[in-house]
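Shown next: my_file-v9.pdb, containing PDB, C-alpha atoms.
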ATOM      1  CA  MET A   1       0.000   0.000   0.000
ATOM      2  CA  ILE A   2       1.157   3.518  -0.779
ATOM      3  CA  GLY A   3      -0.649   6.815  -0.341
ATOM      4  CA  GLY A   4      -0.314  10.479   0.307
ATOM      5  CA  THR A   5      -2.186  13.591   1.368
ATOM      6  CA  TYR A   6      -1.839  17.265   0.504
ATOM      7  CA  LYS A   7      -3.379  20.082   2.514
ATOM      8  CA  ILE A   8      -4.765  22.515  -0.063
ATOM      9  CA  THR A   9      -6.109  24.900   2.586
ATOM     10  CA  PRO A  10      -6.340  24.590   6.386
ATOM     11  CA  GLU A  11      -9.829  23.139   5.880
ATOM     12  CA  VAL A  12      -9.404  21.002   2.726
ATOM     13  CA  THR A  13      -7.109  18.007   2.159
ATOM     14  CA  ALA A  14      -6.614  15.935  -0.983
ATOM     15  CA  TYR A  15      -5.670  12.273  -0.722
ATOM     16  CA  ALA A  16      -4.769   9.431  -3.070
ATOM     17  CA  GLY A  17      -3.564   5.868  -2.682
ATOM     18  CA  TYR A  18      -2.903   2.520  -4.300
ATOM     19  CA  SER A  19      -3.071  -0.873  -2.635
ATOM     20  CA  GLU A  20      -2.526  -4.416  -3.769
ATOM     21  CA  ALA A  21      -3.596  -7.498  -1.861
ATOM     22  CA  ASN A  22      -4.130 -11.184  -2.429
ATOM     23  CA  ARG A  23      -5.866 -14.063  -0.706
ATOM     24  CA  ALA A  24      -5.465 -17.778  -1.135
ATOM     25  CA  PRO A  25      -8.611 -19.849  -1.718
ATOM     26  CA  THR A  26     -10.221 -20.860   1.577
ATOM     27  CA  PRO A  27     -10.470 -24.536   2.627
ATOM     28  CA  LEU A  28     -14.222 -24.317   1.989
ATOM     29  CA  GLU A  29     -13.634 -23.123  -1.580
ATOM     30  CA  LEU A  30     -10.863 -25.636  -2.293
ATOM     31  CA  ALA A  31     -12.918 -28.490  -0.872
ATOM     32  CA  CYS A  32     -15.810 -27.772  -3.202
ATOM     33  CA  ALA A  33     -14.366 -26.754  -6.556
ATOM     34  CA  ASP A  34     -15.296 -29.676  -8.808
ATOM     35  CA  PRO A  35     -18.438 -29.242 -10.976
ATOM     36  CA  ALA A  36     -18.652 -33.039 -11.231
ATOM     37  CA  ARG A  37     -18.790 -33.380  -7.443
ATOM     38  CA  PRO A  38     -20.742 -30.406  -6.078
ATOM     39  CA  CYS A  39     -21.327 -30.025  -2.353
ATOM     40  CA  ILE A  40     -24.153 -29.260   0.020
ATOM     41  CA  VAL A  41     -21.820 -28.508   2.929
ATOM     42  CA  GLY A  42     -18.390 -27.067   2.280
ATOM     43  CA  ALA A  43     -16.947 -29.088   5.179
ATOM     44  CA  PHE A  44     -16.751 -32.159   2.940
ATOM     45  CA  LEU A  45     -12.970 -31.986   2.437
ATOM     46  CA  ILE A  46     -12.424 -33.976  -0.738
ATOM     47  CA  ALA A  47      -9.838 -33.772  -3.510
ATOM     48  CA  ASP A  48     -10.845 -31.115  -6.018
ATOM     49  CA  PRO A  49      -9.193 -29.076  -8.769
ATOM     50  CA  PRO A  50      -6.969 -26.293  -7.411
ATOM     51  CA  LEU A  51      -8.193 -22.692  -7.443
ATOM     52  CA  LYS A  52      -6.010 -19.690  -8.195
ATOM     53  CA  GLN A  53      -5.557 -17.077  -5.507
ATOM     54  CA  VAL A  54      -7.444 -13.802  -5.873
ATOM     55  CA  VAL A  55      -5.312 -10.686  -6.449
ATOM     56  CA  SER A  56      -6.895  -7.280  -5.889
ATOM     57  CA  ARG A  57      -5.506  -3.928  -7.085
ATOM     58  CA  THR A  58      -7.202  -0.777  -5.802
ATOM     59  CA  PHE A  59      -6.839   2.906  -6.659
ATOM     60  CA  GLU A  60      -8.575   5.641  -4.676
ATOM     61  CA  ALA A  61      -8.461   9.430  -4.534
ATOM     62  CA  GLY A  62     -10.572  12.255  -3.203
ATOM     63  CA  PHE A  63     -10.955  15.226  -0.919
ATOM     64  CA  ARG A  64     -11.942  15.646   2.720
ATOM     65  CA  GLY A  65     -12.246  18.543   5.081
ATOM     66  CA  THR A  66     -13.650  20.089   8.241
ATOM     67  CA  ARG A  67     -15.030  23.500   9.070
ATOM     68  CA  GLU A  68     -16.164  25.145  12.270
ATOM     69  CA  LEU A  69     -19.654  26.668  12.016
ATOM     70  CA  ASN A  70     -21.836  28.523  14.506
ATOM     71  CA  VAL A  71     -23.965  25.376  14.945
ATOM     72  CA  GLY A  72     -21.110  22.874  15.229
ATOM     73  CA  THR A  73     -18.318  21.160  13.321
ATOM     74  CA  LEU A  74     -18.928  20.218   9.690
ATOM     75  CA  GLY A  75     -16.971  17.284   8.303
ATOM     76  CA  TRP A  76     -17.139  15.957   4.753
ATOM     77  CA  LYS A  77     -15.445  13.555   2.363
ATOM     78  CA  VAL A  78     -15.830  12.710  -1.310
ATOM     79  CA  GLY A  79     -13.767  10.169  -3.202
ATOM     80  CA  ALA A  80     -13.548   7.735  -6.088
ATOM     81  CA  PHE A  81     -12.186   4.199  -6.187
ATOM     82  CA  ARG A  82     -11.493   1.370  -8.604
ATOM     83  CA  ALA A  83     -10.746  -2.180  -7.429
ATOM     84  CA  THR A  84      -9.897  -4.908  -9.951
ATOM     85  CA  ASN A  85      -9.810  -8.544  -8.845
ATOM     86  CA  ALA A  86      -7.883 -11.056 -10.920
ATOM     87  CA  ASP A  87      -9.019 -14.711 -10.767
ATOM     88  CA  ASP A  88     -12.010 -13.802  -8.609
ATOM     89  CA  ILE A  89     -13.843 -16.747  -7.009
ATOM     90  CA  LEU A  90     -17.607 -17.157  -7.343
ATOM     91  CA  ALA A  91     -20.046 -19.679  -5.886
ATOM     92  CA  ILE A  92     -21.716 -21.490  -8.808
ATOM     93  CA  PRO A  93     -24.994 -23.438  -8.434
ATOM     94  CA  SER A  94     -24.912 -27.016  -9.688
ATOM     95  CA  GLN A  95     -27.549 -28.559 -11.927
ATOM     96  CA  LEU A  96     -28.326 -30.695  -8.864
ATOM     97  CA  GLN A  97     -30.784 -28.762  -6.683
ATOM     98  CA  GLY A  98     -29.174 -27.589  -3.431
ATOM     99  CA  PHE A  99     -25.602 -28.318  -4.569
ATOM    100  CA  GLY A 100     -22.908 -25.957  -5.792
ATOM    101  CA  TYR A 101     -19.183 -25.411  -6.212
ATOM    102  CA  PHE A 102     -16.611 -22.597  -6.348
ATOM    103  CA  GLN A 103     -14.844 -21.476  -9.505
ATOM    104  CA  ASN A 104     -12.340 -18.863 -10.683
ATOM    105  CA  VAL A 105     -14.309 -16.548 -12.964
ATOM    106  CA  GLY A 106     -11.568 -14.335 -14.399
ATOM    107  CA  SER A 107     -11.362 -10.632 -13.634
ATOM    108  CA  THR A 108     -14.017  -8.468 -12.000
ATOM    109  CA  ARG A 109     -14.078  -4.747 -11.282
ATOM    110  CA  ARG A 110     -15.790  -2.622  -8.656
ATOM    111  CA  GLN A 111     -15.562   1.119  -9.083
ATOM    112  CA  GLY A 112     -17.542   4.114  -7.967
ATOM    113  CA  LEU A 113     -17.919   7.148  -5.759
ATOM    114  CA  GLU A 114     -18.356   7.650  -2.031
ATOM    115  CA  ALA A 115     -19.489  10.824  -0.299
ATOM    116  CA  GLN A 116     -20.322  11.571   3.310
ATOM    117  CA  VAL A 117     -21.056  14.610   5.458
ATOM    118  CA  ASN A 118     -21.696  15.067   9.161
ATOM    119  CA  LEU A 119     -22.491  17.944  11.473
ATOM    120  CA  THR A 120     -21.628  17.568  15.147
ATOM    121  CA  SER A 121     -22.511  19.829  18.060
ATOM    122  CA  LYS A 122     -22.968  19.338  21.809
ATOM    123  CA  THR A 123     -26.590  18.226  21.430
ATOM    124  CA  LEU A 124     -27.058  17.234  17.780
ATOM    125  CA  GLN A 125     -25.374  14.969  15.279
ATOM    126  CA  LEU A 126     -26.515  14.836  11.650
ATOM    127  CA  TYR A 127     -24.956  12.501   9.099
ATOM    128  CA  ALA A 128     -25.510  11.388   5.532
ATOM    129  CA  SER A 129     -23.622   9.177   3.091
ATOM    130  CA  TYR A 130     -23.925   8.052  -0.513
ATOM    131  CA  ALA A 131     -22.174   5.216  -2.336
ATOM    132  CA  LEU A 132     -22.231   4.464  -6.057
ATOM    133  CA  VAL A 133     -20.781   1.030  -6.836
ATOM    134  CA  ASP A 134     -20.463  -0.214 -10.401
ATOM    135  CA  ALA A 135     -19.512  -3.906 -10.185
ATOM    136  CA  ARG A 136     -18.954  -5.797 -13.449
ATOM    137  CA  PHE A 137     -17.450  -8.915 -14.962
ATOM    138  CA  LEU A 138     -14.508  -8.218 -17.270
ATOM    139  CA  ASP A 139     -14.309 -11.625 -18.990
ATOM    140  CA  ALA A 140     -16.770 -13.749 -20.956
ATOM    141  CA  LEU A 141     -18.004 -16.751 -18.971
ATOM    142  CA  GLU A 142     -20.285 -19.746 -19.155
ATOM    143  CA  LEU A 143     -21.931 -20.412 -15.797
ATOM    144  CA  ASN A 144     -24.475 -22.876 -14.478
ATOM    145  CA  SER A 145     -27.667 -21.155 -13.371
ATOM    146  CA  HIS A 146     -31.261 -21.875 -12.396
ATOM    147  CA  SER A 147     -32.285 -18.665 -14.162
ATOM    148  CA  PRO A 148     -35.294 -19.061 -16.485
ATOM    149  CA  PHE A 149     -33.017 -17.625 -19.194
ATOM    150  CA  ALA A 150     -30.505 -20.478 -18.907
ATOM    151  CA  ASP A 151     -30.201 -22.878 -21.831
ATOM    152  CA  PRO A 152     -32.868 -25.572 -21.217
ATOM    153  CA  VAL A 153     -30.492 -28.364 -22.303
ATOM    154  CA  THR A 154     -27.152 -27.371 -20.755
ATOM    155  CA  GLY A 155     -28.391 -25.152 -17.917
ATOM    156  CA  LEU A 156     -25.773 -22.550 -18.842
ATOM    157  CA  ILE A 157     -25.953 -18.775 -19.173
ATOM    158  CA  GLN A 158     -23.581 -16.674 -21.250
ATOM    159  CA  VAL A 159     -21.924 -13.856 -19.286
ATOM    160  CA  GLN A 160     -20.482 -11.070 -21.394
ATOM    161  CA  PRO A 161     -17.774  -8.566 -20.400
ATOM    162  CA  GLY A 162     -19.545  -5.613 -18.814
ATOM    163  CA  ASN A 163     -22.399  -7.586 -17.250
ATOM    164  CA  ARG A 164     -23.222  -6.428 -13.707
ATOM    165  CA  ILE A 165     -22.299  -8.638 -10.753
ATOM    166  CA  PRO A 166     -25.457  -9.779  -8.910
ATOM    167  CA  ALA A 167     -26.315  -8.918  -5.284
ATOM    168  CA  ILE A 168     -24.413  -5.594  -5.374
ATOM    169  CA  PRO A 169     -26.763  -2.569  -5.388
ATOM    170  CA  ARG A 170     -25.570   0.279  -7.572
ATOM    171  CA  ASN A 171     -26.807   3.010  -5.211
ATOM    172  CA  ARG A 172     -26.941   3.207  -1.424
ATOM    173  CA  VAL A 173     -27.963   6.258   0.612
ATOM    174  CA  LYS A 174     -28.064   6.569   4.391
ATOM    175  CA  PHE A 175     -28.839   9.527   6.625
ATOM    176  CA  GLY A 176     -29.800  10.009  10.234
ATOM    177  CA  PHE A 177     -29.616  12.059  13.398
ATOM    178  CA  ASP A 178     -28.993  11.783  17.132
ATOM    179  CA  TYR A 179     -30.318  14.500  19.463
ATOM    180  CA  ALA A 180     -29.713  14.938  23.175
ATOM    181  CA  VAL A 181     -32.983  16.285  24.578
ATOM    182  CA  THR A 182     -31.267  16.429  27.981
ATOM    183  CA  ASP A 183     -27.937  15.111  29.217
ATOM    184  CA  ALA A 184     -29.704  11.823  30.052
ATOM    185  CA  PHE A 185     -32.410  11.508  27.395
ATOM    186  CA  LYS A 186     -31.421  10.960  23.746
ATOM    187  CA  VAL A 187     -33.420  10.217  20.612
ATOM    188  CA  GLY A 188     -32.401   9.428  17.060
ATOM    189  CA  GLY A 189     -33.281   7.800  13.806
ATOM    190  CA  ASP A 190     -31.885   6.734  10.464
ATOM    191  CA  ALA A 191     -33.122   5.922   6.980
ATOM    192  CA  LEU A 192     -31.503   3.633   4.437
ATOM    193  CA  PHE A 193     -32.169   3.485   0.700
ATOM    194  CA  VAL A 194     -30.730   0.551  -1.258
ATOM    195  CA  GLY A 195     -30.994   0.479  -5.042
ATOM    196  CA  SER A 196     -32.117  -2.420  -7.182
ATOM    197  CA  GLN A 197     -29.809  -5.387  -7.734
ATOM    198  CA  TYR A 198     -29.669  -8.454  -9.961
ATOM    199  CA  PHE A 199     -30.657 -11.845  -8.599
ATOM    200  CA  VAL A 200     -27.832 -14.257  -7.786
ATOM    201  CA  GLY A 201     -27.745 -16.620 -10.755
ATOM    202  CA  ASP A 202     -28.541 -13.824 -13.211
ATOM    203  CA  GLU A 203     -24.942 -12.980 -14.045
ATOM    204  CA  SER A 204     -26.071 -12.486 -17.664
ATOM    205  CA  ASN A 205     -28.425  -9.670 -16.501
ATOM    206  CA  GLN A 206     -31.517 -10.917 -18.342
ATOM    207  CA  ALA A 207     -34.109 -11.234 -15.558
ATOM    208  CA  PRO A 208     -35.906  -8.377 -13.754
ATOM    209  CA  LYS A 209     -33.987  -6.976 -10.794
ATOM    210  CA  LEU A 210     -34.744  -7.270  -7.103
ATOM    211  CA  PRO A 211     -36.531  -3.945  -6.441
ATOM    212  CA  ALA A 212     -34.988  -1.071  -4.491
ATOM    213  CA  TYR A 213     -36.172  -0.469  -0.948
ATOM    214  CA  THR A 214     -36.164   2.118   1.840
ATOM    215  CA  VAL A 215     -36.273   1.373   5.564
ATOM    216  CA  VAL A 216     -36.588   3.812   8.500
ATOM    217  CA  ASN A 217     -35.536   3.072  12.104
ATOM    218  CA  LEU A 218     -35.900   5.009  15.381
ATOM    219  CA  HIS A 219     -34.096   4.678  18.699
ATOM    220  CA  SER A 220     -33.951   6.374  22.108
ATOM    221  CA  SER A 221     -32.272   5.945  25.481
ATOM    222  CA  TYR A 222     -32.421   7.328  28.992
ATOM    223  CA  GLN A 223     -29.404   7.200  31.311
ATOM    224  CA  ILE A 224     -30.828   6.626  34.800
ATOM    225  CA  ASN A 225     -27.419   6.843  36.457
ATOM    226  CA  LYS A 226     -23.828   5.859  35.738
ATOM    227  CA  THR A 227     -24.750   2.179  35.840
ATOM    228  CA  PHE A 228     -28.224   1.765  34.340
ATOM    229  CA  GLN A 229     -29.725   2.828  31.013
ATOM    230  CA  VAL A 230     -33.128   2.057  29.540
ATOM    231  CA  TYR A 231     -33.486   1.991  25.775
ATOM    232  CA  ALA A 232     -36.081   1.477  23.072
ATOM    233  CA  ARG A 233     -35.881   0.897  19.329
ATOM    234  CA  ILE A 234     -38.267   0.563  16.398
ATOM    235  CA  ASP A 235     -36.936  -1.173  13.291
ATOM    236  CA  ASN A 236     -38.715  -0.783   9.937
ATOM    237  CA  LEU A 237     -40.982   1.949  11.275
ATOM    238  CA  PHE A 238     -43.365   1.929   8.293
ATOM    239  CA  ASP A 239     -43.483  -1.881   8.062
ATOM    240  CA  ASN A 240     -42.122  -1.805   4.532
ATOM    241  CA  HIS A 241     -42.220  -5.178   2.742
ATOM    242  CA  TYR A 242     -39.116  -5.805   0.652
ATOM    243  CA  GLY A 243     -36.505  -8.400  -0.184
ATOM    244  CA  THR A 244     -32.829  -8.176   0.771
ATOM    245  CA  TYR A 245     -31.537 -11.043  -1.407
ATOM    246  CA  GLY A 246     -32.779 -12.915  -4.444
ATOM    247  CA  THR A 247     -31.829 -16.060  -6.326
ATOM    248  CA  PHE A 248     -33.453 -18.805  -8.468
ATOM    249  CA  PHE A 249     -34.503 -22.399  -7.896
ATOM    250  CA  GLU A 250     -35.635 -25.276 -10.092
ATOM    251  CA  THR A 251     -39.406 -24.950 -10.320
ATOM    252  CA  ASP A 252     -39.940 -28.697 -10.727
ATOM    253  CA  ALA A 253     -37.658 -29.731  -7.861
ATOM    254  CA  LEU A 254     -40.073 -28.863  -5.036
ATOM    255  CA  PRO A 255     -43.818 -29.435  -4.516
ATOM    256  CA  ASN A 256     -45.945 -26.296  -4.383
ATOM    257  CA  PHE A 257     -47.802 -26.931  -1.117
ATOM    258  CA  ALA A 258     -49.112 -23.344  -1.050
ATOM    259  CA  ASN A 259     -51.018 -23.794  -4.307
ATOM    260  CA  GLY A 260     -52.484 -27.287  -4.087
ATOM    261  CA  GLY A 261     -49.494 -28.945  -5.708
ATOM    262  CA  ALA A 262     -49.704 -26.911  -8.933
ATOM    263  CA  PRO A 263     -46.346 -26.401 -10.660
ATOM    264  CA  PHE A 264     -44.366 -23.282  -9.804
ATOM    265  CA  THR A 265     -44.401 -20.676 -12.566
ATOM    266  CA  ASP A 266     -41.845 -18.251 -11.050
ATOM    267  CA  ALA A 267     -38.271 -19.387 -10.382
ATOM    268  CA  ARG A 268     -37.424 -16.409  -8.189
ATOM    269  CA  SER A 269     -36.717 -16.933  -4.489
ATOM    270  CA  ILE A 270     -36.476 -13.866  -2.229
ATOM    271  CA  SER A 271     -35.250 -13.409   1.339
ATOM    272  CA  PRO A 272     -37.847 -11.133   2.964
ATOM    273  CA  ALA A 273     -36.815  -8.391   5.343
ATOM    274  CA  ARG A 274     -38.021  -8.347   8.919
ATOM    275  CA  PRO A 275     -41.384  -6.667   9.507
ATOM    276  CA  ARG A 276     -41.816  -3.795  11.947
ATOM    277  CA  ALA A 277     -40.219  -4.693  15.279
ATOM    278  CA  PHE A 278     -40.214  -3.034  18.711
ATOM    279  CA  TYR A 279     -37.453  -3.508  21.269
ATOM    280  CA  ALA A 280     -36.976  -2.201  24.819
ATOM    281  CA  GLY A 281     -34.561  -3.132  27.537
ATOM    282  CA  LEU A 282     -32.242  -2.230  30.369
ATOM    283  CA  LYS A 283     -28.438  -1.980  30.128
ATOM    284  CA  ALA A 284     -26.091  -2.133  33.079
ATOM    285  CA  THR A 285     -22.463  -0.976  32.904
ATOM    286  CA  PHE A 286     -20.088  -1.756  35.748
TER
END

Rendering of file as structure tokens:
Amino acid sequence: MIGGTYKITPEVTAYAGYSEANRAPTPLELACADPARPCIVGAFLIADPPLKQVVSRTFEAGFRGTRELNVGTLGWKVGAFRATNADDILAIPSQLQGFGYFQNVGSTRRQGLEAQVNLTSKTLQLYASYALVDARFLDALELNSHSPFADPVTGLIQVQPGNRIPAIPRNRVKFGFDYAVTDAFKVGGDALFVGSQYFVGDESNQAPKLPAYTVVNLHSSYQINKTFQVYARIDNLFDNHYGTYGTFFETDALPNFANGGAPFTDARSISPARPRAFYAGLKATF
């Protein structure tokens, strides 16, 4: 890793850096790397083809600064990054339902922008952040998939250079606040917006995306004394129904108990988010 900073003014600093890292394939990945012998549990340590180690090269640059205002201290940062992984490793579903294996998939790239700002005073903290991540395959691939767009005979999809990597939202926004009503009583909240993303198994980017979602949370606390604190929290305040993860399954591999045994017509499988939840409790610090 190498980097540097340059103070343009007393309140503004420019920074830039380059880093290079590598990781060897994990035992789980090495133990389940043969398409002819896919695994349910990665703990089945059997002889499989070797996997190449992943090498990552990252560039980043940007600006950051602070400024004293009448209402508090303003801090901000904006930057850009590009990370390229050589011989990246991806979990590939097998044609056997519930099985899979790991495979080197060539080069992938994640690049984008990050920006954040916060305002801090004795009683109030405001913060907001934005991330744009463009994650793409750089090499052409043939991958097994349960996507409805896979070849019906081979079960393969064709991934082209430039296709988006699934399960990585392009946009993510978060903002929130914490306010001290008194020295003992504090309230706060945050909101998170996550953009749409492709389903895992849709590396060819042919199926509709998992929709974007927004979730709002609230929290509060009261410090009774130095030892005890009561707290309360509401997650998913508006009881928004959304999915956090999506993939595909073989529609003829499972019985459709919810529809009288009729065949499934939609291969999508979604992990639903938690509904509205209330929490309250007591903390003790000794």

- Item | Matched chain/residue IDs from the PyMOL selection byres ((chain A and resi 15-32) around 8), as a count of residues only | 39

- Any idea what's packed within 9 Å of Phe175 in chain A, counting only C-alpha atoms, ignoring anything in its chain fewer than 4 positions away? Could you give it as a ChimeraX atom specification? /A:126-130,189-192

Selection to disk with C-alpha atoms, as a compact mmCIF listing (two decimals), keeping the file's coordinate frame:
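Final file, out_23.txt:
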# COMPACT_ATOMS: atom_id res chain seq x y z
CA LEU A 126 -26.52 14.84 11.65
CA TYR A 127 -24.96 12.50 9.10
CA ALA A 128 -25.51 11.39 5.53
CA SER A 129 -23.62 9.18 3.09
CA TYR A 130 -23.92 8.05 -0.51
CA GLY A 189 -33.28 7.80 13.81
CA ASP A 190 -31.88 6.73 10.46
CA ALA A 191 -33.12 5.92 6.98
CA LEU A 192 -31.50 3.63 4.44

- Which residues come within 10 Å of Ser204 in chain A, counting all atoms listed in the file, excluding same-chain residues fewer than 5 positions away, as a PyMOL selection string? chain A and resi 137+140-143+145+147+149-150+157-166+198

- Query: By how many Å are CA of Ala273 in chain A and CA of Ile89 in chain A apart?
  - Reply: 27.4 Å

- Query: Could you state the separation of CA of Pro275 in chain A and CA of Asn236 in chain A in Å, given to one decimal place?
  - Reply: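 Computed distance, CA of Pro275 in chain A to CA of Asn236 in chain A, equals 6.5 Å.
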
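Here the question is which of A:Leu124, A:Pro93, A:Thr108, A:Leu74 gets nearest to Glu250 in chain A using all atoms listed in the file, and that residue is A:Pro93.
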
- Item | Test item: the PyMOL selection byres ((chain A and resi 10) around 10) resolved as a ChimeraX atom specification | /A:7-9,11-13,65-67

- Task: Tell me, in Å to one decimal, how far CA of Asn171 in chain A is from CA of Leu210 in chain A.
- Result: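 Taking CA of Asn171 in chain A and CA of Leu210 in chain A, their separation equals 13.1 Å.
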
- Resolved residues for the PyMOL selection byres ((chain A and resi 195) around 12) as an MDAnalysis selection string: chainID A and resid 130:134 167:174 192:194 196:198 209:215 242:244

Show me, as JSON lines, the residues of range 129-199 of chain A having an atom within 12 Å of range 224-228 of chain A, each with the closest atom pair and its distance in Å, using all atoms listed in the file.
{"residue": "A:Thr182", "atom": "CA", "partner": "A:Ile224", "partner_atom": "CA", "distance": 11.9}
{"residue": "A:Asp183", "atom": "CA", "partner": "A:Ile224", "partner_atom": "CA", "distance": 10.6}
{"residue": "A:Ala184", "atom": "CA", "partner": "A:Ile224", "partner_atom": "CA", "distance": 7.1}
{"residue": "A:Phe185", "atom": "CA", "partner": "A:Ile224", "partner_atom": "CA", "distance": 9.0}
{"residue": "A:Lys186", "atom": "CA", "partner": "A:Ile224", "partner_atom": "CA", "distance": 11.9}
